[in-house]
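Only one structure is covered here, and it is reproduced in the block below.
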Amino acid sequence: MSDTEEATTVKAEEQPQQRPGKKGKYRKEKPWDTDDIDHWKIDEFKPEHSSGPLLEESSFATLFPKYRENYLREVWPLVTQTLEKHGIACVLDLIEGSMSVKTTRKTWDPYAVLKARDLIKLLSRSVPFQQAAKILEDGVACDIIKIGNILRNKERFVKRRQRLLGPNGNTLKAIELLTKCYVMVQGNTVSAMGPHKGLKDVRRIVIDCMNNIHPIYHIKELMIKRELAKDPKLATESWDRFLPHFKKRSVNLPKKPKKPKKEKQLFPPAQQPRKEDLMIESGEYFLSKKQKEVAELQRKKDAQAENTARRREEREKSLIAPSETSAKAKMPAAAPETSIEDLKRKFQEQAEQKKKRKEVKTEDADSFLTKAPSKKKKRDHNDEEKQEKKEKKRKIKREEA
């Protein structure tokens with residue numbers, strides 16, 4: 001038993017030890033790295049941190065449009081004053097229409113020249129100086145998005161650029177509030193200032209808007225994300241089930257009618273005669289210059305005479321009296337004449353019909369006595385009394401007269 005145990009120990013010593021995997025090769029414990037440390041925080045760079053002046057000069061230049069010249073001339077003293085604090089020199093060249101910034105011996109922050117480059121870029125894109133000066137702060141970046149080359153149709157480009165602004169600039173204000181960025185739409189570019197995360201969202205919104213995706217969809221998505229970020233339980237979960245998924249609607253456009261295909265002829269059509277050939281056929285080619293002028297004048301006179309004759313005929317048409325037959329046709333047809341005998345017959349027939357109706361309405365004496373007198377009969381009786389009184393008054397007046 002002892003021999004077997006010794007043999008197994010010798011074999012284990014002879015086998016090479018297993019190497020640790022590549023994944024944990026350089027992973028060491030870091031006791032100073034705790035969860036309460038913000039790794040994305042940018043520490044402030046102070047003049048004490050620099051070892052000395054920069055060894056070489058760095059410079060950047062940018063052009064600006066003509067309409068910004070007056071504004072830049074007014075604001076340039078403030079620009080130089082602001083950049084002097086960081087040890088950056090700036091030059092405004094009105095002849096070439098350019099702005100340039102460069103480092104000096106007093107520059108203590110090596111990244112300040114890049115911030116100054118962004119400052120002059122924003123000033124050239126119509127951003128006011130009070131807003132553009134914030135780019136020199138830590139944690140503020142800028143992005144200039146070019147939108148002029150995305151669309152060819154100018155009218156479509158203007159409409160989609162207007163979508164970014166919205167009615168009374170409401171869409172642009174919503175984008176600024178949700179992304180915590182400053183957005184300026186000017187010409188063929190969109191300038192944005194703010195944190196890197198917000199700039200990423202602004203670029204996506206702008207490019208999608210120019211590709212015919214309305215900004216309102218992104219605004220809804222950002223609002224939902226902002227509410228979800230407040231819940232610490234959802235920090236490690238996927239938010240796809242909460243976000244809206246908008247389907248692209250396929251609009252049924254009216255189909256264009258297909259043009260009938262032209263039948264291809266086997267041989268090409270005959271060549272049309274030239275202008276000189278037509279003049280040779282008519283004999284005009286061989287006439288002299290004066291003869292051509294006379295012929296042209298004669299042609300104009302003939303055309304003028306035809307026009308005057310046609311106009312005279314049109315004027316005379318209104319003076320021609322209409323024919324009698326046409327006037328009679330317009331008159332209404334007369335009613336057929338009725339004779340006196342026909343009228344007598346008509347009245348007699350009507351009288352006979354009335355008598356027949358009265359005979360039908362007459363009743364027996366017993367039935368008449370049983371029924372009470374109607375109101376109509378009372379009214380007729382009262383009317384007769386009134387007429388008798390009136391006749392008596394008339395007779396009295398006549399006797400007096």
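Labeling convention for the structure tokens: chains A, B, ... as they appear, residues from 1 per chain, ligands from 1 in order of appearance.
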
Find the residues around Phe286 in chain A up to 12 Å (only C-alpha atoms counted), leave out those fewer than 6 positions away in its own chain, and share them as a PDB file with N, CA, C and O atoms, in the first residue's frame.
ATOM      1  N   GLU A 276     -33.844  74.089 -96.457  1.00  0.00           N
ATOM      2  CA  GLU A 276     -33.346  74.455 -97.804  1.00  0.00           C
ATOM      3  C   GLU A 276     -34.042  73.652 -98.889  1.00  0.00           C
ATOM      4  O   GLU A 276     -34.344  74.182 -99.973  1.00  0.00           O
ATOM      5  N   ASP A 277     -34.333  72.335 -98.582  1.00  0.00           N
ATOM      6  CA  ASP A 277     -35.028  71.504 -99.578  1.00  0.00           C
ATOM      7  C   ASP A 277     -36.429  72.029 -99.858  1.00  0.00           C
ATOM      8  O   ASP A 277     -36.882  72.054-101.024  1.00  0.00           O
ATOM      9  N   LEU A 278     -37.136  72.453 -98.800  1.00  0.00           N
ATOM     10  CA  LEU A 278     -38.481  73.002 -98.988  1.00  0.00           C
ATOM     11  C   LEU A 278     -38.436  74.302 -99.781  1.00  0.00           C
ATOM     12  O   LEU A 278     -39.327  74.567-100.613  1.00  0.00           O
ATOM     13  N   MET A 279     -37.424  75.126 -99.532  1.00  0.00           N
ATOM     14  CA  MET A 279     -37.284  76.382-100.283  1.00  0.00           C
ATOM     15  C   MET A 279     -36.954  76.130-101.740  1.00  0.00           C
ATOM     16  O   MET A 279     -37.425  76.854-102.627  1.00  0.00           O
ATOM     17  N   ILE A 280     -36.175  75.064-102.021  1.00  0.00           N
ATOM     18  CA  ILE A 280     -35.861  74.719-103.414  1.00  0.00           C
ATOM     19  C   ILE A 280     -37.110  74.248-104.143  1.00  0.00           C
ATOM     20  O   ILE A 280     -37.348  74.600-105.307  1.00  0.00           O
ATOM     21  N   LYS A 292     -37.346  88.310-102.189  1.00  0.00           N
ATOM     22  CA  LYS A 292     -37.795  87.640-100.956  1.00  0.00           C
ATOM     23  C   LYS A 292     -38.535  88.607-100.031  1.00  0.00           C
ATOM     24  O   LYS A 292     -39.560  88.264 -99.447  1.00  0.00           O
TER      25      LYS A 292
END

Q) So which residues touch range 192-204 of chain A within 8 Å, counting only C-alpha atoms, skipping near sequence neighbours fewer than 2 positions away, as a list in words? A)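 Neighbouring residues, sequence-local ones excluded: Ile135, Gly139, Val140, Ala141, Cys142, Asp143, Ile144, Ile145, Ile175, Thr179, Lys180, Cys181, Tyr182, Val183, Met184, Val190, Val206, Ile207 and Asp208 of chain A.
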
**Q.** DSSP strand (DSSP E) residues within range 55-178 of chain A, listed as a PyMOL selection string
**A.** chain A and resi 59-63+88-93+98-103+141-146

Q. Hey, can you check how far CA of Leu55 in chain A sits from CA of Val79 in chain A?
A.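 Rounded to one decimal, the two atoms are 24.8 Å apart.
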
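Considering only C-alpha atoms, the residue among A:Val127, A:Leu63, A:Met210, A:Ala133 positioned nearest to Arg161 in chain A is A:Met210.
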
Q. What lies within 12 Å of Arg241 in chain A using only C-alpha atoms, ignoring chain neighbours under 5 positions off, as an MDAnalysis selection string?
A. chainID A and resid 221 224:225 228 234

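If only C-alpha atoms are the atoms counted, then among A:Pro31, A:Trp108, A:Trp76, A:Tyr26 the closest residue to Pro53 in chain A is A:Trp108.
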
Q: Please indicate the distance in Å from CA of Gln298 in chain A to CA of Gln272 in chain A, rounded to one decimal place.
A: 28.0 Å
